Every structure is written in C-alpha cells, then in structure tokens.
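Peer 1: Contents of structure.pdb (PDB, C-alpha atoms and all ligand atoms) are given next:
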```pdb
ATOM      1  CA  ASN A   1       0.000   0.000   0.000
ATOM      2  CA  PHE A   2       1.478   3.347  -1.064
ATOM      3  CA  LYS A   3      -0.447   6.555  -0.289
ATOM      4  CA  GLY A   4      -3.727   4.645  -0.378
ATOM      5  CA  PHE A   5      -3.055   2.672  -3.592
ATOM      6  CA  ASP A   6      -2.645  -1.040  -3.054
ATOM      7  CA  THR A   7      -3.007  -2.612  -6.532
ATOM      8  CA  LEU A   8      -1.807  -1.855 -10.077
ATOM      9  CA  ASP A   9      -2.741  -3.625 -13.313
ATOM     10  CA  LEU A  10       0.533  -4.844 -14.840
ATOM     11  CA  GLY A  11       0.588  -5.583 -18.594
ATOM     12  CA  GLY A  12       0.244  -9.334 -19.065
ATOM     13  CA  VAL A  13       2.726  -9.380 -21.965
ATOM     14  CA  LEU A  14       5.436  -8.175 -19.605
ATOM     15  CA  LYS A  15       4.542 -10.842 -17.071
ATOM     16  CA  ASP A  16       4.704 -13.528 -19.761
ATOM     17  CA  ALA A  17       7.883 -12.331 -21.512
ATOM     18  CA  ASP A  18      11.211 -14.063 -20.816
ATOM     19  CA  VAL A  19      13.447 -11.209 -21.929
ATOM     20  CA  LEU A  20      13.137  -7.442 -21.512
ATOM     21  CA  ILE A  21      14.867  -4.837 -23.693
ATOM     22  CA  ASP A  22      13.869  -1.472 -22.253
ATOM     23  CA  LEU A  23      14.476   0.911 -25.155
ATOM     24  CA  SER A  24      13.882   4.522 -24.162
ATOM     25  CA  HIS A  25      14.154   8.004 -25.574
ATOM     26  CA  ALA A  26      15.800  10.230 -22.951
ATOM     27  CA  LYS A  27      13.949  13.546 -22.736
ATOM     28  CA  GLY A  28      12.468  16.106 -20.368
ATOM     29  CA  HIS A  29       9.069  15.501 -18.792
ATOM     30  CA  GLY A  30       6.529  17.838 -17.235
ATOM     31  CA  ALA A  31       5.404  15.428 -14.530
ATOM     32  CA  CYS A  32       8.764  14.486 -13.029
ATOM     33  CA  GLY A  33      11.462  16.351 -14.953
ATOM     34  CA  TYR A  34      12.796  13.420 -16.966
ATOM     35  CA  GLY A  35      11.587  10.405 -18.891
ATOM     36  CA  GLY A  36      13.926   7.489 -19.584
ATOM     37  CA  ALA A  37      14.360   3.816 -18.715
ATOM     38  CA  ILE A  38      12.533   3.989 -15.372
ATOM     39  CA  LYS A  39       9.562   6.003 -16.542
ATOM     40  CA  ASN A  40       9.236   3.777 -19.601
ATOM     41  CA  LEU A  41       8.531   0.788 -17.327
ATOM     42  CA  ALA A  42       6.894   2.701 -14.465
ATOM     43  CA  LEU A  43       4.053   3.979 -16.630
ATOM     44  CA  GLY A  44       4.345   2.001 -19.861
ATOM     45  CA  GLY A  45       4.145  -1.318 -18.021
ATOM     46  CA  TYR A  46       0.615  -0.698 -16.738
ATOM     47  CA  SER A  47      -2.942  -0.371 -17.982
ATOM     48  CA  GLY A  48      -4.311   3.079 -18.789
ATOM     49  CA  ILE A  49      -6.524   3.031 -15.698
ATOM     50  CA  SER A  50      -3.598   2.245 -13.406
ATOM     51  CA  ARG A  51      -1.459   4.895 -15.101
ATOM     52  CA  TRP A  52      -3.943   7.728 -14.822
ATOM     53  CA  THR A  53      -6.006   6.958 -11.742
ATOM     54  CA  LYS A  54      -3.266   5.534  -9.551
ATOM     55  CA  ILE A  55       0.350   6.151 -10.617
ATOM     56  CA  HIS A  56      -0.231   9.721 -11.791
ATOM     57  CA  ALA A  57      -2.948  10.306  -9.213
ATOM     58  CA  VAL A  58      -0.547   9.749  -6.330
ATOM     59  CA  ALA A  59       0.798  13.255  -6.981
ATOM     60  CA  GLN A  60      -2.587  14.595  -5.834
ATOM     61  CA  TYR A  61      -2.686  12.706  -2.554
ATOM     62  CA  ASP A  62      -1.751  15.851  -0.655
ATOM     63  CA  LYS A  63      -4.695  18.080  -1.614
ATOM     64  CA  TYR A  64      -3.958  21.434  -3.250
ATOM     65  CA  TRP A  65      -7.197  23.226  -2.285
ATOM     66  CA  ASP A  66      -8.934  23.609   1.055
ATOM     67  CA  LYS A  67     -12.546  24.457   0.179
ATOM     68  CA  GLU A  68     -13.324  25.357   3.805
ATOM     69  CA  LYS A  69     -10.903  28.274   3.612
ATOM     70  CA  GLY A  70     -11.239  29.552   0.022
ATOM     71  CA  SER A  71     -14.349  30.856  -1.734
ATOM     72  CA  PRO A  72     -15.338  30.020  -5.344
ATOM     73  CA  GLU A  73     -14.484  33.627  -6.311
ATOM     74  CA  HIS A  74     -11.023  33.248  -4.819
ATOM     75  CA  ALA A  75     -10.566  29.957  -6.694
ATOM     76  CA  LYS A  76     -11.480  31.616  -9.992
ATOM     77  CA  LYS A  77      -8.946  34.402  -9.327
ATOM     78  CA  LEU A  78      -6.252  31.809  -8.777
ATOM     79  CA  VAL A  79      -7.163  30.054 -12.031
ATOM     80  CA  GLU A  80      -6.760  33.324 -13.913
ATOM     81  CA  ALA A  81      -3.506  34.172 -12.164
ATOM     82  CA  CYS A  82      -1.684  30.898 -12.855
ATOM     83  CA  PRO A  83       0.736  31.707 -15.706
ATOM     84  CA  TYR A  84       0.795  28.100 -16.909
ATOM     85  CA  GLY A  85      -2.929  27.335 -16.998
ATOM     86  CA  ALA A  86      -2.281  24.606 -14.418
ATOM     87  CA  LEU A  87      -5.432  25.273 -12.391
ATOM     88  CA  ARG A  88      -9.006  24.227 -13.123
ATOM     89  CA  TYR A  89     -12.026  25.101 -10.995
ATOM     90  CA  ASP A  90     -14.758  22.487 -10.740
ATOM     91  CA  SER A  91     -17.791  24.590  -9.748
ATOM     92  CA  VAL A  92     -20.064  21.544  -9.278
ATOM     93  CA  ASN A  93     -17.895  20.128  -6.513
ATOM     94  CA  ASN A  94     -16.352  23.433  -5.463
ATOM     95  CA  ASN A  95     -12.929  21.984  -6.100
ATOM     96  CA  LEU A  96      -9.796  23.689  -7.369
ATOM     97  CA  ILE A  97      -7.579  21.178  -9.139
ATOM     98  CA  ARG A  98      -3.887  21.655  -9.855
ATOM     99  CA  ASN A  99      -2.397  19.830 -12.828
ATOM    100  CA  TYR A 100       1.030  19.028 -11.382
ATOM    101  CA  HIS A 101       2.406  18.267 -14.884
ATOM    102  CA  ASP A 102       1.750  21.854 -15.934
ATOM    103  CA  CYS A 103       2.659  23.436 -12.587
ATOM    104  CA  HIS A 104       6.135  24.981 -12.689
ATOM    105  CA  GLN A 105       6.130  25.838  -8.996
ATOM    106  CA  CYS A 106       6.255  29.559  -9.693
ATOM    107  CA  PHE A 107       4.222  30.033  -6.470
ATOM    108  CA  THR A 108       2.152  32.896  -7.913
ATOM    109  CA  CYS A 109      -0.933  31.193  -6.445
ATOM    110  CA  LEU A 110       0.665  30.958  -2.991
ATOM    111  CA  GLU A 111       1.468  34.679  -3.032
ATOM    112  CA  LEU A 112      -2.136  35.560  -3.948
ATOM    113  CA  ASP A 113      -3.394  33.199  -1.280
ATOM    114  CA  LEU A 114      -1.073  34.439   1.452
ATOM    115  CA  ASP A 115      -3.786  35.941   3.697
ATOM    116  CA  ILE A 116      -6.257  33.119   3.110
ATOM    117  CA  GLY A 117      -4.207  29.920   3.272
ATOM    118  CA  SER A 118      -6.495  27.850   1.060
ATOM    119  CA  VAL A 119      -3.866  26.363  -1.271
ATOM    120  CA  LYS A 120      -0.553  24.583  -0.906
ATOM    121  CA  VAL A 121       2.026  23.233  -3.338
ATOM    122  CA  PRO A 122       3.681  20.538  -1.262
ATOM    123  CA  ARG A 123       7.110  19.170  -2.172
ATOM    124  CA  GLU A 124       5.903  15.783  -0.868
ATOM    125  CA  SER A 125       3.395  15.279  -3.667
ATOM    126  CA  TYR A 126       6.178  15.516  -6.276
ATOM    127  CA  SER A 127       8.315  13.065  -4.312
ATOM    128  CA  ALA A 128       5.319  10.741  -4.007
ATOM    129  CA  PHE A 129       5.073  10.473  -7.793
ATOM    130  CA  GLN A 130       8.824   9.813  -8.073
ATOM    131  CA  GLU A 131       8.578   7.106  -5.413
ATOM    132  CA  MET A 132       5.509   5.561  -7.031
ATOM    133  CA  MET A 133       7.425   5.296 -10.324
ATOM    134  CA  ALA A 134      10.234   3.464  -8.518
ATOM    135  CA  ILE A 135       7.717   1.066  -6.949
ATOM    136  CA  SER A 136       5.896   0.336 -10.208
ATOM    137  CA  THR A 137       9.222  -0.190 -12.039
ATOM    138  CA  ASP A 138      10.357  -2.538  -9.281
ATOM    139  CA  LYS A 139       7.174  -4.589  -9.742
ATOM    140  CA  VAL A 140       7.813  -4.914 -13.505
ATOM    141  CA  LEU A 141      11.399  -6.021 -12.879
ATOM    142  CA  GLU A 142      10.267  -8.567 -10.280
ATOM    143  CA  THR A 143       8.823 -10.596 -13.164
ATOM    144  CA  PHE A 144      12.193 -10.920 -14.993
ATOM    145  CA  ASN A 145      15.434 -12.805 -14.462
ATOM    146  CA  PRO A 146      17.962  -9.899 -14.024
ATOM    147  CA  ASP A 147      20.325 -11.631 -16.466
ATOM    148  CA  LYS A 148      17.702 -11.279 -19.185
ATOM    149  CA  VAL A 149      17.134  -7.531 -18.953
ATOM    150  CA  PHE A 150      18.962  -4.871 -20.979
ATOM    151  CA  TYR A 151      18.537  -1.127 -21.185
ATOM    152  CA  LEU A 152      19.146   1.237 -24.090
ATOM    153  CA  ASN A 153      18.762   4.995 -23.631
ATOM    154  CA  PHE A 154      18.739   7.120 -26.768
ATOM    155  CA  ALA A 155      20.046  10.496 -25.603
ATOM    156  CA  LEU A 156      19.342  12.101 -28.946
ATOM    157  CA  GLN A 157      16.908  14.826 -29.950
ATOM    158  CA  ILE A 158      16.444  15.537 -26.228
ATOM    159  CA  THR A 159      13.389  17.733 -25.886
ATOM    160  CA  THR A 160      11.969  19.778 -22.987
ATOM    161  CA  PHE A 161       8.753  17.792 -22.847
ATOM    162  CA  CYS A 162       7.887  14.189 -23.576
ATOM    163  CA  ASP A 163       7.346  13.403 -27.261
ATOM    164  CA  CYS A 164       3.945  11.938 -26.343
ATOM    165  CA  VAL A 165       2.785  15.561 -26.021
ATOM    166  CA  GLY A 166       2.400  15.358 -29.794
ATOM    167  CA  ILE A 167       4.006  18.674 -30.736
ATOM    168  CA  ALA A 168       7.217  19.304 -32.647
ATOM    169  CA  GLN A 169       9.879  20.566 -30.272
ATOM    170  CA  PRO A 170      13.444  21.736 -30.871
ATOM    171  CA  PRO A 171      16.124  19.887 -28.868
ATOM    172  CA  ILE A 172      16.908  21.484 -25.518
ATOM    173  CA  ILE A 173      20.157  19.517 -25.006
ATOM    174  CA  ASN A 174      22.720  18.650 -27.707
ATOM    175  CA  ASP A 175      22.806  15.042 -28.867
ATOM    176  CA  ILE A 176      24.876  12.830 -26.588
ATOM    177  CA  GLY A 177      24.635   9.312 -28.004
ATOM    178  CA  VAL A 178      23.170   5.927 -27.172
ATOM    179  CA  LEU A 179      23.758   4.392 -23.752
ATOM    180  CA  GLY A 180      23.505   0.695 -22.980
ATOM    181  CA  SER A 181      23.654  -1.180 -19.669
ATOM    182  CA  LYS A 182      22.323  -4.145 -17.751
ATOM    183  CA  ASP A 183      21.853  -1.873 -14.717
ATOM    184  CA  ILE A 184      18.856   0.482 -14.741
ATOM    185  CA  ILE A 185      20.268   2.682 -11.989
ATOM    186  CA  ALA A 186      23.651   3.000 -13.693
ATOM    187  CA  ILE A 187      22.174   3.883 -17.097
ATOM    188  CA  GLU A 188      19.715   6.423 -15.708
ATOM    189  CA  THR A 189      22.354   8.092 -13.524
ATOM    190  CA  ALA A 190      24.846   8.199 -16.406
ATOM    191  CA  THR A 191      22.234   9.587 -18.818
ATOM    192  CA  LEU A 192      21.221  12.297 -16.363
ATOM    193  CA  ASP A 193      24.848  13.171 -15.553
ATOM    194  CA  LEU A 194      25.721  13.469 -19.260
ATOM    195  CA  ILE A 195      22.678  15.680 -19.862
ATOM    196  CA  LYS A 196      23.688  17.842 -16.893
ATOM    197  CA  LYS A 197      27.247  18.140 -18.212
ATOM    198  CA  GLU A 198      25.964  19.114 -21.661
ATOM    199  CA  GLY A 199      23.682  21.855 -20.312
ATOM    200  CA  ILE A 200      20.677  23.637 -21.790
ATOM    201  CA  ILE A 201      20.550  25.127 -25.284
ATOM    202  CA  GLU A 202      19.174  28.398 -23.961
ATOM    203  CA  LYS A 203      17.857  29.714 -27.258
ATOM    204  CA  ASN A 204      15.607  26.642 -27.478
ATOM    205  CA  ILE A 205      13.858  27.163 -24.140
ATOM    206  CA  PRO A 206      10.107  27.232 -24.901
ATOM    207  CA  PRO A 207       9.082  30.911 -24.781
ATOM    208  CA  PHE A 208       6.098  30.206 -22.510
ATOM    209  CA  LEU A 209       8.389  28.968 -19.704
ATOM    210  CA  LYS A 210       8.850  32.170 -17.702
ATOM    211  CA  HIS A 211      10.460  30.766 -14.551
ATOM    212  CA  VAL A 212      13.435  28.778 -15.850
ATOM    213  CA  ASN A 213      16.229  29.005 -13.294
ATOM    214  CA  LEU A 214      19.467  29.665 -15.193
ATOM    215  CA  ASP A 215      21.464  30.796 -12.155
ATOM    216  CA  PRO A 216      24.919  29.186 -12.653
ATOM    217  CA  ASN A 217      25.565  29.395  -8.912
ATOM    218  CA  GLU A 218      22.830  26.855  -8.213
ATOM    219  CA  ASP A 219      23.774  23.226  -8.769
ATOM    220  CA  LEU A 220      20.624  22.114 -10.587
ATOM    221  CA  HIS A 221      19.952  19.561 -13.278
ATOM    222  CA  PRO A 222      18.817  21.139 -16.581
ATOM    223  CA  PHE A 223      15.425  19.422 -16.236
ATOM    224  CA  THR A 224      14.958  20.897 -12.756
ATOM    225  CA  ARG A 225      15.852  24.309 -14.146
ATOM    226  CA  LEU A 226      13.198  23.876 -16.848
ATOM    227  CA  HIS A 227      10.386  22.159 -14.939
ATOM    228  CA  GLY A 228      10.702  23.602 -11.442
ATOM    229  CA  ALA A 229      12.542  23.118  -8.179
ATOM    230  CA  TYR A 230      10.353  20.207  -7.054
ATOM    231  CA  LYS A 231      10.952  18.117 -10.164
ATOM    232  CA  ASP A 232      14.300  16.452  -9.491
ATOM    233  CA  PRO A 233      15.040  13.761 -12.121
ATOM    234  CA  TYR A 234      17.482  11.945  -9.830
ATOM    235  CA  GLU A 235      14.794  11.365  -7.191
ATOM    236  CA  THR A 236      13.109   8.312  -8.705
ATOM    237  CA  VAL A 237      16.543   6.807  -9.471
ATOM    238  CA  GLY A 238      17.417   7.153  -5.783
ATOM    239  CA  PHE A 239      14.168   5.498  -4.696
ATOM    240  CA  LEU A 240      14.733   2.569  -7.074
ATOM    241  CA  GLU A 241      18.343   2.179  -5.949
ATOM    242  CA  LYS A 242      17.080   1.903  -2.364
ATOM    243  CA  LEU A 243      14.840  -0.938  -3.560
ATOM    244  CA  GLY A 244      18.017  -2.764  -4.652
ATOM    245  CA  ARG A 245      17.592  -2.499  -8.421
ATOM    246  CA  GLY A 246      21.148  -1.395  -9.276
ATOM    247  CA  ASN A 247      24.084   0.806  -8.506
ATOM    248  CA  SER A 248      24.558   4.503  -9.295
ATOM    249  CA  ALA A 249      28.375   4.171  -9.096
ATOM    250  CA  TYR A 250      28.701   3.505 -12.825
ATOM    251  CA  GLU A 251      31.720   3.355 -15.088
ATOM    252  CA  LEU A 252      31.315   4.950 -18.500
ATOM    253  CA  VAL A 253      33.002   3.073 -21.373
ATOM    254  CA  GLU A 254      32.797   5.044 -24.589
ATOM    255  CA  ILE A 255      32.628   3.078 -27.819
ATOM    256  CA  LEU A 256      32.632   4.593 -31.315
ATOM    257  CA  SER A 257      33.397   8.118 -30.087
ATOM    258  CA  PRO A 258      32.993  11.007 -32.556
ATOM    259  CA  GLU A 259      36.830  11.219 -32.727
ATOM    260  CA  GLU A 260      36.983   7.569 -33.740
ATOM    261  CA  THR A 261      34.150   7.613 -36.254
ATOM    262  CA  ALA A 262      35.436  10.846 -37.832
ATOM    263  CA  LYS A 263      38.586   8.978 -38.884
ATOM    264  CA  MET A 264      36.712   6.059 -40.425
ATOM    265  CA  LYS A 265      36.519   5.727 -44.171
ATOM    266  CA  PRO A 266      33.146   6.952 -45.402
ATOM    267  CA  THR A 267      30.870   4.426 -46.985
ATOM    268  CA  LYS A 268      31.030   4.072 -50.773
ATOM    269  CA  ARG A 269      27.341   3.431 -51.168
ATOM    270  CA  VAL A 270      24.130   3.580 -49.172
ATOM    271  CA  PHE A 271      22.805   0.221 -48.120
ATOM    272  CA  GLU A 272      21.634  -1.536 -44.975
ATOM    273  CA  GLY A 273      24.927  -3.370 -44.498
ATOM    274  CA  GLU A 274      27.005  -0.174 -44.429
ATOM    275  CA  PRO A 275      27.747   1.903 -41.308
ATOM    276  CA  SER A 276      24.814   4.138 -40.471
ATOM    277  CA  PHE A 277      26.698   6.952 -38.767
ATOM    278  CA  PHE A 278      27.978   8.823 -41.837
TER     279      PHE A 278
HETATM  280  S1  LIG A 301       2.651  27.273  -8.382
HETATM  281 FE1  LIG A 301       2.502  28.564 -10.231
HETATM  282  S2  LIG A 301       2.273  27.092 -11.886
HETATM  283 FE2  LIG A 301       1.814  26.008 -10.001
HETATM  284  S3  LIG A 301      -0.406  26.145  -9.769
HETATM  285 FE3  LIG A 301       0.492  27.836  -8.591
HETATM  286  S4  LIG A 301       0.493  29.552 -10.019
HETATM  287 FE4  LIG A 301       0.198  27.713 -11.248
END
```
Would you kindly transcribe this structure into structure tokens?
Peer 2:
Amino acid sequence: NFKGFDTLDLGGVLKDADVLIDLSHAKGHGACGYGGAIKNLALGGYSGISRWTKIHAVAQYDKYWDKEKGSPEHAKKLVEACPYGALRYDSVNNNLIRNYHDCHQCFTCLELDLDIGSVKVPRESYSAFQEMMAISTDKVLETFNPDKVFYLNFALQITTFCDCVGIAQPPIINDIGVLGSKDIIAIETATLDLIKKEGIIEKNIPPFLKHVNLDPNEDLHPFTRLHGAYKDPYETVGFLEKLGRGNSAYELVEILSPEETAKMKPTKRVFEGEPSFF
C-alpha cells in the first residue's frame, strides 16, 4: 500500500515475456522532470486506468485546495492568475484542481493566497510520484530474471517535454549518443549526468516557460531548471536504488566516439549493411 493505492494492473505481456529490452528516448518531462528507462517501465508497463487513476494520481494525494478556507471567487482568481494554466475550478464540486504536470512551482498562487491559506504546493506530492514510479518499475522487474534484462537509452533529440505531447519541439540539449547497460540505476544516472554536463541550449527554451532558473551558482539539473525546483530527475533513481535495483556508481566506457568515427573511411554506397553513422 502506497499513499492509499494497493493494486496496479501490470501488462500481461510483460509478465509472460522471458526477456526485456527497455528501449527509451531520454527527454524532459513535465510530470517528473525526466523520462527514460525507469519512466518507460513505471508507466508504460501498466494499464491506462492504473497509469492515470493511480500512478499519476498519487501526486494529488496531498490536496492542493482547502474548500473550507477559500471561496469560489477566490478559486477563480487563482485560475486566472496561474501563468501556466495549471489550475481548473470544478464549480459543481467546489474543487480547485492543480495539474502538477503543468505546474512549474512559480508560487504565484501561494502569493495571492497568502492571507487566506487555502492552497498549498507541497514538495511531498512531487516526491510521491517519483517514489511511485520506482515502486511500479520494481514490480515490472520482479517478473524478470535480471540476467535477461537490458537497457538502451537514446540520448538524442532531447526535448523539454515528452514526445507523447504530440508537438514538434526543438532539442533542448545537444545530442549525446546511445547508452547501454544491464543496470537500470547505472544507465539512468549516467544519462542524467551526461545531460547535466551538456547543459541547456538556452535559445531553445520554450518561450512560454517564464520561470526557468538559469542561475549558474545553483547546482541544478537542466530538467529541474526547466520544470521547477520540485521536479528532481534523480529522485526516482534514488528510490529505485534503495529498492536494490542497481548501482549509481557507474563506469562509462565510450565506444565509437565522434573522434573515432570521424577517422573512419566513409561508406562508398548507401545500403543496410554499411555503417549508419555517416
Ligand atoms: S505554483 Fe505557479 S504554476 Fe503552479 S499552480 Fe500555482 S500559479 Fe500555477
């Protein structure tokens, strides 16, 4: 039982499969900062109902709105004030709902609510989602022999938001390469570290993100800078490491570096059997 949720519907094909190749596109994500190998299994391994009404819903366990303290008029003012359109007022149930994916923790709503105290943006609800992803990933991996699991992270065309958003986005981080490992913690930590080292392409920051923290004196991951202080991409990795699913002390072995491939003879013709990196 985690925050009131005690069952999840795991995809039967995963339960039946003998081998798992977790192939992921590394990119930013509005809900938790980053989407890669863990999020691929944490959400992708479950039915739509489990994904939306349980795994995602855990981020709402600590209620945003206290209807006893705030009036409907106050709620509507907060909706209008939120610069990211993250608030929705349900007048039938007198409920003010915060979409934590869209919330960039700018705290404009908290400032407006200062004398009333009807809303809160708790750090814990973001951590709860990160921990839930670690739990649901752990449950997927429980069904596999660890020797028959491999991870591939494509750190290419790394965008601010998940590609499932369905909009064309420019890359926010330069291409890094393709990472492979048998250890989910090692590959996720290495991917995140390489993205952090590469840094943000500032001219490609979506213009509607008004609170991106670019202060070089703060040691923040690029995805935390983009998505808000409470969305730490390393958090779910830490939770899963505590569950014993790998080791963050990785060793990076580079194969086919740009220096190496640049010296290779170019292909004479274009065909499937030729190298694909020219
Ligand atoms: S913290 Fe900012 S983005 Fe989040 S709900 Fe409040 S006003 Fe909207």
Peer 1: Give as a ChimeraX atom specification the residues that the PyMOL selection byres (((chain A and resi 222) around 10) and not hetatm) matches when applied to the coordinates above.
Peer 2: /A:28,33-34,160,172-173,192,195-201,212-214,219-221,223-228,232-233
Peer 1: Any idea what the distance is between CA of His25 (chain A) and CA of Tyr46 (chain A)?
Peer 2: 18.4 Å
Peer 1: Could you please determine the separation between CA of Gly246 (chain A) and CA of Thr189 (chain A) in Å, to one decimal place?
Peer 2: 10.5 Å
Peer 1: Near Ala17 (chain A), within 12 Å and counting all atoms listed in the file, which residues show up once chain neighbours fewer than 2 positions away are dropped, as a ChimeraX atom specification?
Peer 2: /A:11-15,19-21,140-141,143-145,148-149
Peer 1: Take the selection from the previous step and output its residues with C-alpha atoms, as a PDB file, in the frame of the given file.
Peer 2:
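File part.pdb, as written:
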```
ATOM      1  CA  GLY A  11       0.588  -5.583 -18.594  1.00  0.00           C
ATOM      2  CA  GLY A  12       0.244  -9.334 -19.065  1.00  0.00           C
ATOM      3  CA  VAL A  13       2.726  -9.380 -21.965  1.00  0.00           C
ATOM      4  CA  LEU A  14       5.436  -8.175 -19.605  1.00  0.00           C
ATOM      5  CA  LYS A  15       4.542 -10.842 -17.071  1.00  0.00           C
ATOM      6  CA  VAL A  19      13.447 -11.209 -21.929  1.00  0.00           C
ATOM      7  CA  LEU A  20      13.137  -7.442 -21.512  1.00  0.00           C
ATOM      8  CA  ILE A  21      14.867  -4.837 -23.693  1.00  0.00           C
ATOM      9  CA  VAL A 140       7.813  -4.914 -13.505  1.00  0.00           C
ATOM     10  CA  LEU A 141      11.399  -6.021 -12.879  1.00  0.00           C
ATOM     11  CA  THR A 143       8.823 -10.596 -13.164  1.00  0.00           C
ATOM     12  CA  PHE A 144      12.193 -10.920 -14.993  1.00  0.00           C
ATOM     13  CA  ASN A 145      15.434 -12.805 -14.462  1.00  0.00           C
ATOM     14  CA  LYS A 148      17.702 -11.279 -19.185  1.00  0.00           C
ATOM     15  CA  VAL A 149      17.134  -7.531 -18.953  1.00  0.00           C
TER      16      VAL A 149
END
```
Peer 1: For the interface of chain A with ligand LIG 301 (chain A) (cut-off 8 Å, counting all atoms listed in the file), please tabulate each contacting residue of chain A alongside its nearest pair of atoms and their separation in Å to one decimal, rows sorted by chain and increasing number, as a Markdown table.
Peer 2:
```
| residue | atom | partner | partner_atom | distance |
| --- | --- | --- | --- | --- |
| A:Leu78 | CA | A:LIG301 | S4 | 7.2 |
| A:Val79 | CA | A:LIG301 | FE4 | 7.8 |
| A:Ala81 | CA | A:LIG301 | S4 | 6.5 |
| A:Cys82 | CA | A:LIG301 | S4 | 3.8 |
| A:Pro83 | CA | A:LIG301 | FE4 | 6.0 |
| A:Tyr84 | CA | A:LIG301 | S2 | 5.3 |
| A:Gly85 | CA | A:LIG301 | FE4 | 6.6 |
| A:Ala86 | CA | A:LIG301 | FE4 | 5.1 |
| A:Leu87 | CA | A:LIG301 | S3 | 5.7 |
| A:Arg98 | CA | A:LIG301 | S3 | 5.7 |
| A:Asn99 | CA | A:LIG301 | S3 | 7.3 |
| A:Tyr100 | CA | A:LIG301 | FE2 | 7.2 |
| A:Asp102 | CA | A:LIG301 | S2 | 6.6 |
| A:Cys103 | CA | A:LIG301 | S2 | 3.7 |
| A:His104 | CA | A:LIG301 | S2 | 4.5 |
| A:Gln105 | CA | A:LIG301 | S1 | 3.8 |
| A:Cys106 | CA | A:LIG301 | FE1 | 3.9 |
| A:Phe107 | CA | A:LIG301 | S1 | 3.7 |
| A:Thr108 | CA | A:LIG301 | S4 | 4.3 |
| A:Cys109 | CA | A:LIG301 | S4 | 4.2 |
| A:Leu110 | CA | A:LIG301 | FE3 | 6.4 |
| A:Val121 | CA | A:LIG301 | S1 | 6.5 |
```
Peer 1: Take CA of Lys54 (chain A) and CA of Met133 (chain A) and report the distance between them in Å, one decimal.
Peer 2: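 Going from CA of Lys54 (chain A) over to CA of Met133 (chain A), I get 10.7 Å.
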Peer 1: For Arg88 (chain A), which of A:Glu202, A:Ala75, A:Lys69, A:Asp62 is the closest residue, counting only C-alpha atoms?
Peer 2: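 Smallest distance to Arg88 (chain A) is found for A:Ala75.
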Peer 1: Could you tell me which residues the PyMOL selection byres (((chain A and resi 64) around 10) and not hetatm) returns for this structure, as a list in words?
Peer 2: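 That expression, the PyMOL selection byres (((chain A and resi 64) around 10) and not hetatm), corresponds here to Gln60, Tyr61, Asp62, Lys63, Trp65, Asp66, Lys67, Asn95, Leu96, Ile97, Arg98, Asn99, Tyr100, Ser118, Val119, Lys120, Val121, Pro122 and Ser125 of chain A.
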Peer 1: Tell me which of A:Phe161, A:Leu10, A:Lys27, A:Arg245 sits closest to Asp175 (chain A), counting all atoms listed in the file.
Peer 2: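 Between A:Phe161, A:Leu10, A:Lys27, A:Arg245, the residue approaching Asp175 (chain A) most closely is A:Lys27.
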Peer 1: Just say which residues the PyMOL selection byres (((chain A and resi 7) around 12) and not hetatm) picks in this file, as an NGL selection string.
Peer 2: :A and (1-6 or 8-10 or 46-47 or 49-51 or 53-55 or 132 or 135-136 or 139)
Peer 1: Could the residues in this selection be saved with C-alpha atoms as a PDB file, keeping the file's coordinate frame?
Peer 2:
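The resulting file, again22.pdb, is reproduced below:
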```
ATOM      1  CA  ASN A   1       0.000   0.000   0.000  1.00  0.00           C
ATOM      2  CA  PHE A   2       1.478   3.347  -1.064  1.00  0.00           C
ATOM      3  CA  LYS A   3      -0.447   6.555  -0.289  1.00  0.00           C
ATOM      4  CA  GLY A   4      -3.727   4.645  -0.378  1.00  0.00           C
ATOM      5  CA  PHE A   5      -3.055   2.672  -3.592  1.00  0.00           C
ATOM      6  CA  ASP A   6      -2.645  -1.040  -3.054  1.00  0.00           C
ATOM      7  CA  LEU A   8      -1.807  -1.855 -10.077  1.00  0.00           C
ATOM      8  CA  ASP A   9      -2.741  -3.625 -13.313  1.00  0.00           C
ATOM      9  CA  LEU A  10       0.533  -4.844 -14.840  1.00  0.00           C
ATOM     10  CA  TYR A  46       0.615  -0.698 -16.738  1.00  0.00           C
ATOM     11  CA  SER A  47      -2.942  -0.371 -17.982  1.00  0.00           C
ATOM     12  CA  ILE A  49      -6.524   3.031 -15.698  1.00  0.00           C
ATOM     13  CA  SER A  50      -3.598   2.245 -13.406  1.00  0.00           C
ATOM     14  CA  ARG A  51      -1.459   4.895 -15.101  1.00  0.00           C
ATOM     15  CA  THR A  53      -6.006   6.958 -11.742  1.00  0.00           C
ATOM     16  CA  LYS A  54      -3.266   5.534  -9.551  1.00  0.00           C
ATOM     17  CA  ILE A  55       0.350   6.151 -10.617  1.00  0.00           C
ATOM     18  CA  MET A 132       5.509   5.561  -7.031  1.00  0.00           C
ATOM     19  CA  ILE A 135       7.717   1.066  -6.949  1.00  0.00           C
ATOM     20  CA  SER A 136       5.896   0.336 -10.208  1.00  0.00           C
ATOM     21  CA  LYS A 139       7.174  -4.589  -9.742  1.00  0.00           C
TER      22      LYS A 139
END
```
